[in-house]
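First the structure, in the form of structure tokens, and then the observations on it.
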Amino acid sequence: MQPKKKLRFVGIVSRPLGTDGTFILADTERHVSPMQSHADIHIGYSVQFTKQFTLISCKKHGTGYAMKVQEITAPESVQSLREQAVYVDEEMLVKHKDEYYVDEVVGCMVIDDAFDTVYGCIVDVWTLPANDAWVMIYDGKEIPIPVIPQIIRSVNILQKVVRVTLPDGLLTLFDHDIDIDRDEEE
């Protein structure tokens, strides 16, 4: 039995390109490079729910990639896949020494960069339009940490440590329960 492949997110199906079923892969991860033809790729809304396709070509196109798969031969077929994620076998990607896959931060301890205070542990990653957020459990609450250079100071995947400079008030932002129905009762 062949070992199960570790699939990694590489980008989002954006739009058709031309009339032969080629599509634009946008929002690509930094590890993506032109991939070999006849490789398996997977397309779906999450890694658990994908459909397998056979890659014919993958070429740099602007800020993304132009991809052609064997099973898609018309732009109308691309439309049904728009906004779905593309995943590939981890072994197809090039990762340099100091790089990491975003899901590798899950399980990392969050430590204050100046005072070495341990805040909590990252339990989830949110992919958002403006910037990602890494969700940390702090004092029993989920606290989203914006992934921007002013906050995330360093990431050490081998030591499972993320060093941060948190903005004032972030840890207390979720201290109060909000009663959404309160205004409707008045």
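Identifiers for the structure tokens are assigned positionally: chains receive A, B, ... in sequence, residues are indexed from 1 per chain, and ligands are indexed from 1 in the order shown.
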Worksheet item: Residues at most 10 Å from Met109 of chain A, counting only C-alpha atoms, excluding those fewer than 4 positions away in the same chain, as a list in words?
Response: Val105, Val118, Tyr119, Gly120, Cys121, Ile122, Val123, Met136, Ile137, Val155, Asn156, Gln159, Lys160, Val161, Val162 and Arg163 of chain A
Worksheet entry | Test item: residues at most 10 Å from Lys6 of chain A, only C-alpha atoms, excluding those fewer than 3 positions along its chain, as a ChimeraX atom specification | /A:3,47,87-91
Worksheet item: For Asn131 of chain A, which residue among A:Glu71, A:Asp40, A:Asp27, A:Glu99 is the nearest when counting only C-alpha atoms?
Response: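 The closest residue to Asn131 of chain A is A:Asp27.
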Item to complete: Among the residues of segment 55-117 of chain A, find those DSSP assigns to alpha helix (DSSP H) from the backbone and print them as a PyMOL selection string.
Response: chain A and resi 75-79
Take the residues that were just selected and, keeping N, CA, C and O atoms, output them as a PDB file, in the first residue's frame.
ATOM      1  N   PRO A  75     -13.628  26.763 -20.829  1.00  0.00           N
ATOM      2  CA  PRO A  75     -13.696  27.778 -19.777  1.00  0.00           C
ATOM      3  C   PRO A  75     -14.929  27.613 -18.879  1.00  0.00           C
ATOM      4  O   PRO A  75     -14.890  27.969 -17.699  1.00  0.00           O
ATOM      5  N   GLU A  76     -16.002  27.058 -19.410  1.00  0.00           N
ATOM      6  CA  GLU A  76     -17.211  26.842 -18.610  1.00  0.00           C
ATOM      7  C   GLU A  76     -16.941  25.880 -17.444  1.00  0.00           C
ATOM      8  O   GLU A  76     -17.501  26.026 -16.362  1.00  0.00           O
ATOM      9  N   SER A  77     -16.080  24.907 -17.668  1.00  0.00           N
ATOM     10  CA  SER A  77     -15.730  23.965 -16.602  1.00  0.00           C
ATOM     11  C   SER A  77     -14.905  24.639 -15.513  1.00  0.00           C
ATOM     12  O   SER A  77     -14.994  24.279 -14.338  1.00  0.00           O
ATOM     13  N   VAL A  78     -14.105  25.628 -15.893  1.00  0.00           N
ATOM     14  CA  VAL A  78     -13.313  26.369 -14.911  1.00  0.00           C
ATOM     15  C   VAL A  78     -14.235  27.163 -13.994  1.00  0.00           C
ATOM     16  O   VAL A  78     -14.001  27.261 -12.787  1.00  0.00           O
ATOM     17  N   GLN A  79     -15.322  27.701 -14.549  1.00  0.00           N
ATOM     18  CA  GLN A  79     -16.245  28.517 -13.754  1.00  0.00           C
ATOM     19  C   GLN A  79     -16.755  27.763 -12.528  1.00  0.00           C
ATOM     20  O   GLN A  79     -16.924  28.337 -11.462  1.00  0.00           O
TER      21      GLN A  79
END
Item to complete: Fewer than 4 positions away in the same chain doesn't count, so skip those; otherwise give me all residues within 12 Å of Thr127 of chain A, counting only C-alpha atoms, as a list in words.
Response: Phe9, Gly11, Ile12, Asp27, Glu29, Ala85, Val102, Asp103, Asn131, Asp132, Ala133, Trp134, Val135, Pro144, Ile145, Pro146 and Val147 of chain A
Just write the chosen residues, N, CA, C and O atoms, as a compact mmCIF listing (two decimals), in the first residue's frame.
# COMPACT_ATOMS: atom_id res chain seq x y z
N PHE A 9 -1.70 23.46 0.41
CA PHE A 9 -2.37 24.53 -0.33
C PHE A 9 -1.34 25.27 -1.16
O PHE A 9 -0.27 25.61 -0.66
N GLY A 11 -2.76 27.64 -3.88
CA GLY A 11 -3.41 28.82 -4.43
C GLY A 11 -4.89 28.58 -4.67
O GLY A 11 -5.44 27.54 -4.29
N ILE A 12 -5.53 29.56 -5.32
CA ILE A 12 -6.97 29.56 -5.56
C ILE A 12 -7.23 29.63 -7.06
O ILE A 12 -6.58 30.41 -7.78
N ASP A 27 -3.46 33.99 -5.57
CA ASP A 27 -3.21 33.90 -4.13
C ASP A 27 -2.25 32.76 -3.81
O ASP A 27 -2.46 31.98 -2.88
N GLU A 29 1.00 30.53 -2.72
CA GLU A 29 1.96 30.47 -1.62
C GLU A 29 3.36 30.69 -2.18
O GLU A 29 3.63 30.41 -3.34
N ALA A 85 -9.72 25.95 -3.71
CA ALA A 85 -8.28 25.86 -3.46
C ALA A 85 -7.66 24.73 -4.28
O ALA A 85 -8.31 23.74 -4.60
N VAL A 102 2.22 27.42 6.35
CA VAL A 102 1.43 28.16 7.33
C VAL A 102 0.78 27.24 8.37
O VAL A 102 0.69 27.60 9.54
N ASP A 103 0.39 26.04 7.99
CA ASP A 103 -0.25 25.16 8.98
C ASP A 103 0.74 24.62 10.01
O ASP A 103 0.34 24.10 11.05
N ASN A 131 -5.15 40.17 5.71
CA ASN A 131 -3.99 39.44 6.22
C ASN A 131 -4.51 38.23 6.99
O ASN A 131 -5.65 38.22 7.44
N ASP A 132 -3.68 37.23 7.11
CA ASP A 132 -4.07 36.05 7.88
C ASP A 132 -4.12 36.40 9.36
O ASP A 132 -3.57 37.41 9.80
N ALA A 133 -4.77 35.54 10.13
CA ALA A 133 -4.75 35.64 11.59
C ALA A 133 -4.45 34.25 12.13
O ALA A 133 -4.97 33.25 11.63
N TRP A 134 -3.59 34.19 13.13
CA TRP A 134 -3.30 32.94 13.83
C TRP A 134 -4.05 32.98 15.14
O TRP A 134 -3.93 33.94 15.90
N VAL A 135 -4.85 31.97 15.39
CA VAL A 135 -5.71 31.95 16.57
C VAL A 135 -4.97 31.29 17.73
O VAL A 135 -4.53 30.16 17.62
N PRO A 144 -7.54 36.07 18.04
CA PRO A 144 -6.90 36.12 16.72
C PRO A 144 -5.74 37.11 16.72
O PRO A 144 -5.88 38.26 17.15
N ILE A 145 -4.59 36.65 16.27
CA ILE A 145 -3.40 37.49 16.19
C ILE A 145 -3.18 37.84 14.72
O ILE A 145 -2.94 36.95 13.90
N PRO A 146 -3.25 39.13 14.36
CA PRO A 146 -3.00 39.51 12.96
C PRO A 146 -1.57 39.13 12.55
O PRO A 146 -0.62 39.37 13.29
N VAL A 147 -1.45 38.52 11.39
CA VAL A 147 -0.14 38.12 10.89
C VAL A 147 0.42 39.26 10.04
O VAL A 147 0.23 39.31 8.83
Worksheet item: Do you know which residues are at most 10 Å from Thr22 of chain A counting only C-alpha atoms, after dropping those on the same chain fewer than 6 positions away, and could you put them as a PyMOL selection string?
Response: chain A and resi 15-16+56-58+66-70+72-75+77-78
Create the file for the chosen residues now, containing all heavy atoms and written as an mmCIF file, in the first residue's frame.
data_model
loop_
_atom_site.group_PDB
_atom_site.id
_atom_site.type_symbol
_atom_site.label_atom_id
_atom_site.label_comp_id
_atom_site.auth_asym_id
_atom_site.auth_seq_id
_atom_site.Cartn_x
_atom_site.Cartn_y
_atom_site.Cartn_z
ATOM 1 N N ARG A 15 -9.771 32.335 -12.444
ATOM 2 C CA ARG A 15 -10.602 32.555 -13.631
ATOM 3 C C ARG A 15 -10.054 31.752 -14.803
ATOM 4 O O ARG A 15 -8.900 31.327 -14.773
ATOM 5 C CB ARG A 15 -10.637 34.034 -13.991
ATOM 6 C CG ARG A 15 -9.271 34.580 -14.372
ATOM 7 C CD ARG A 15 -9.311 36.054 -14.777
ATOM 8 N NE ARG A 15 -7.976 36.575 -15.002
ATOM 9 C CZ ARG A 15 -7.289 36.428 -16.123
ATOM 10 N NH1 ARG A 15 -7.801 35.756 -17.140
ATOM 11 N NH2 ARG A 15 -6.078 36.933 -16.250
ATOM 12 N N PRO A 16 -10.882 31.582 -15.839
ATOM 13 C CA PRO A 16 -10.367 30.914 -17.045
ATOM 14 C C PRO A 16 -9.373 31.816 -17.772
ATOM 15 O O PRO A 16 -9.409 33.037 -17.643
ATOM 16 C CB PRO A 16 -11.620 30.723 -17.915
ATOM 17 C CG PRO A 16 -12.785 31.054 -17.066
ATOM 18 C CD PRO A 16 -12.303 31.893 -15.940
ATOM 19 N N ILE A 56 -1.296 19.149 -16.775
ATOM 20 C CA ILE A 56 -0.651 19.123 -18.094
ATOM 21 C C ILE A 56 0.456 20.170 -18.148
ATOM 22 O O ILE A 56 1.546 19.909 -18.616
ATOM 23 C CB ILE A 56 -1.674 19.361 -19.230
ATOM 24 C CG1 ILE A 56 -2.660 18.195 -19.293
ATOM 25 C CG2 ILE A 56 -0.973 19.565 -20.570
ATOM 26 C CD1 ILE A 56 -3.774 18.389 -20.298
ATOM 27 N N SER A 57 0.152 21.383 -17.634
ATOM 28 C CA SER A 57 1.173 22.433 -17.627
ATOM 29 C C SER A 57 0.918 23.427 -16.506
ATOM 30 O O SER A 57 -0.212 23.600 -16.053
ATOM 31 C CB SER A 57 1.220 23.165 -18.974
ATOM 32 O OG SER A 57 0.021 23.888 -19.175
ATOM 33 N N CYS A 58 2.001 24.070 -16.075
ATOM 34 C CA CYS A 58 1.941 25.093 -15.036
ATOM 35 C C CYS A 58 3.047 26.089 -15.338
ATOM 36 O O CYS A 58 4.226 25.752 -15.240
ATOM 37 C CB CYS A 58 2.126 24.470 -13.655
ATOM 38 S SG CYS A 58 2.179 25.667 -12.313
ATOM 39 N N ALA A 66 -0.518 30.054 -14.762
ATOM 40 C CA ALA A 66 -1.498 29.516 -15.702
ATOM 41 C C ALA A 66 -1.392 28.000 -15.615
ATOM 42 O O ALA A 66 -0.323 27.434 -15.846
ATOM 43 C CB ALA A 66 -1.206 29.999 -17.117
ATOM 44 N N MET A 67 -2.499 27.352 -15.243
ATOM 45 C CA MET A 67 -2.499 25.895 -15.082
ATOM 46 C C MET A 67 -3.475 25.263 -16.056
ATOM 47 O O MET A 67 -4.574 25.775 -16.272
ATOM 48 C CB MET A 67 -2.898 25.505 -13.654
ATOM 49 C CG MET A 67 -1.907 25.957 -12.607
ATOM 50 S SD MET A 67 -2.315 25.322 -10.970
ATOM 51 C CE MET A 67 -1.387 23.808 -10.981
ATOM 52 N N LYS A 68 -3.072 24.137 -16.602
ATOM 53 C CA LYS A 68 -3.925 23.351 -17.486
ATOM 54 C C LYS A 68 -3.944 21.942 -16.952
ATOM 55 O O LYS A 68 -2.895 21.356 -16.662
ATOM 56 C CB LYS A 68 -3.356 23.380 -18.909
ATOM 57 C CG LYS A 68 -4.081 22.493 -19.894
ATOM 58 C CD LYS A 68 -5.420 23.081 -20.295
ATOM 59 C CE LYS A 68 -6.102 22.215 -21.330
ATOM 60 N NZ LYS A 68 -7.385 21.700 -20.891
ATOM 61 N N VAL A 69 -5.167 21.385 -16.794
ATOM 62 C CA VAL A 69 -5.304 20.005 -16.352
ATOM 63 C C VAL A 69 -6.039 19.216 -17.421
ATOM 64 O O VAL A 69 -6.825 19.760 -18.193
ATOM 65 C CB VAL A 69 -6.024 19.905 -14.982
ATOM 66 C CG1 VAL A 69 -5.209 20.555 -13.882
ATOM 67 C CG2 VAL A 69 -7.417 20.482 -15.044
ATOM 68 N N GLN A 70 -5.784 17.944 -17.456
ATOM 69 C CA GLN A 70 -6.324 17.064 -18.494
ATOM 70 C C GLN A 70 -7.846 17.034 -18.493
ATOM 71 O O GLN A 70 -8.483 17.005 -19.543
ATOM 72 C CB GLN A 70 -5.762 15.660 -18.262
ATOM 73 C CG GLN A 70 -6.184 14.635 -19.277
ATOM 74 C CD GLN A 70 -5.482 13.304 -19.011
ATOM 75 O OE1 GLN A 70 -4.341 13.273 -18.578
ATOM 76 N NE2 GLN A 70 -6.181 12.220 -19.273
ATOM 77 N N ILE A 72 -10.129 19.247 -17.683
ATOM 78 C CA ILE A 72 -10.874 20.478 -17.976
ATOM 79 C C ILE A 72 -10.492 20.964 -19.362
ATOM 80 O O ILE A 72 -9.331 21.266 -19.624
ATOM 81 C CB ILE A 72 -10.582 21.565 -16.920
ATOM 82 C CG1 ILE A 72 -11.012 21.065 -15.544
ATOM 83 C CG2 ILE A 72 -11.285 22.864 -17.276
ATOM 84 C CD1 ILE A 72 -10.663 21.994 -14.411
ATOM 85 N N THR A 73 -11.487 21.042 -20.246
ATOM 86 C CA THR A 73 -11.200 21.394 -21.640
ATOM 87 C C THR A 73 -11.938 22.634 -22.131
ATOM 88 O O THR A 73 -11.825 22.990 -23.293
ATOM 89 C CB THR A 73 -11.560 20.209 -22.562
ATOM 90 O OG1 THR A 73 -12.949 19.903 -22.385
ATOM 91 C CG2 THR A 73 -10.699 18.993 -22.252
ATOM 92 N N ALA A 74 -12.683 23.290 -21.237
ATOM 93 C CA ALA A 74 -13.445 24.473 -21.658
ATOM 94 C C ALA A 74 -13.522 25.476 -20.507
ATOM 95 O O ALA A 74 -13.514 25.090 -19.338
ATOM 96 C CB ALA A 74 -14.857 24.067 -22.086
ATOM 97 N N PRO A 75 -13.628 26.763 -20.829
ATOM 98 C CA PRO A 75 -13.696 27.778 -19.777
ATOM 99 C C PRO A 75 -14.929 27.613 -18.879
ATOM 100 O O PRO A 75 -14.890 27.969 -17.699
ATOM 101 C CB PRO A 75 -13.732 29.108 -20.530
ATOM 102 C CG PRO A 75 -13.940 28.792 -21.960
ATOM 103 C CD PRO A 75 -13.610 27.355 -22.165
ATOM 104 N N SER A 77 -16.080 24.907 -17.668
ATOM 105 C CA SER A 77 -15.730 23.965 -16.602
ATOM 106 C C SER A 77 -14.905 24.639 -15.513
ATOM 107 O O SER A 77 -14.994 24.279 -14.338
ATOM 108 C CB SER A 77 -14.954 22.781 -17.174
ATOM 109 O OG SER A 77 -15.745 22.089 -18.115
ATOM 110 N N VAL A 78 -14.105 25.628 -15.893
ATOM 111 C CA VAL A 78 -13.313 26.369 -14.911
ATOM 112 C C VAL A 78 -14.235 27.163 -13.994
ATOM 113 O O VAL A 78 -14.001 27.261 -12.787
ATOM 114 C CB VAL A 78 -12.304 27.311 -15.606
ATOM 115 C CG1 VAL A 78 -11.586 28.186 -14.585
ATOM 116 C CG2 VAL A 78 -11.309 26.524 -16.434
#
Practice prompt. For Asp112 of chain A, work out the shell of residues within 6 Å, counting only C-alpha atoms and skipping chain neighbours fewer than 3 positions away, then give it as a PyMOL selection string.
Written response: chain A and resi 115-117+163-165
Item to complete: Can you pull out every residue within 9 Å of Ser14 of chain A, counting only C-alpha atoms, but drop anything in the same chain fewer than 5 positions away, and send it as a PyMOL selection string?
Response: chain A and resi 23-27+78-79+81-84
Item to complete: May I have all residues of segment 6-138 of chain A that DSSP, computed from the backbone, assigns to strand (DSSP E or B), given as number ranges by chain?
Response: A: 7-16, 23-26, 40-46, 49-61, 64-69, 85-89, 109-112, 118-126, 133-138
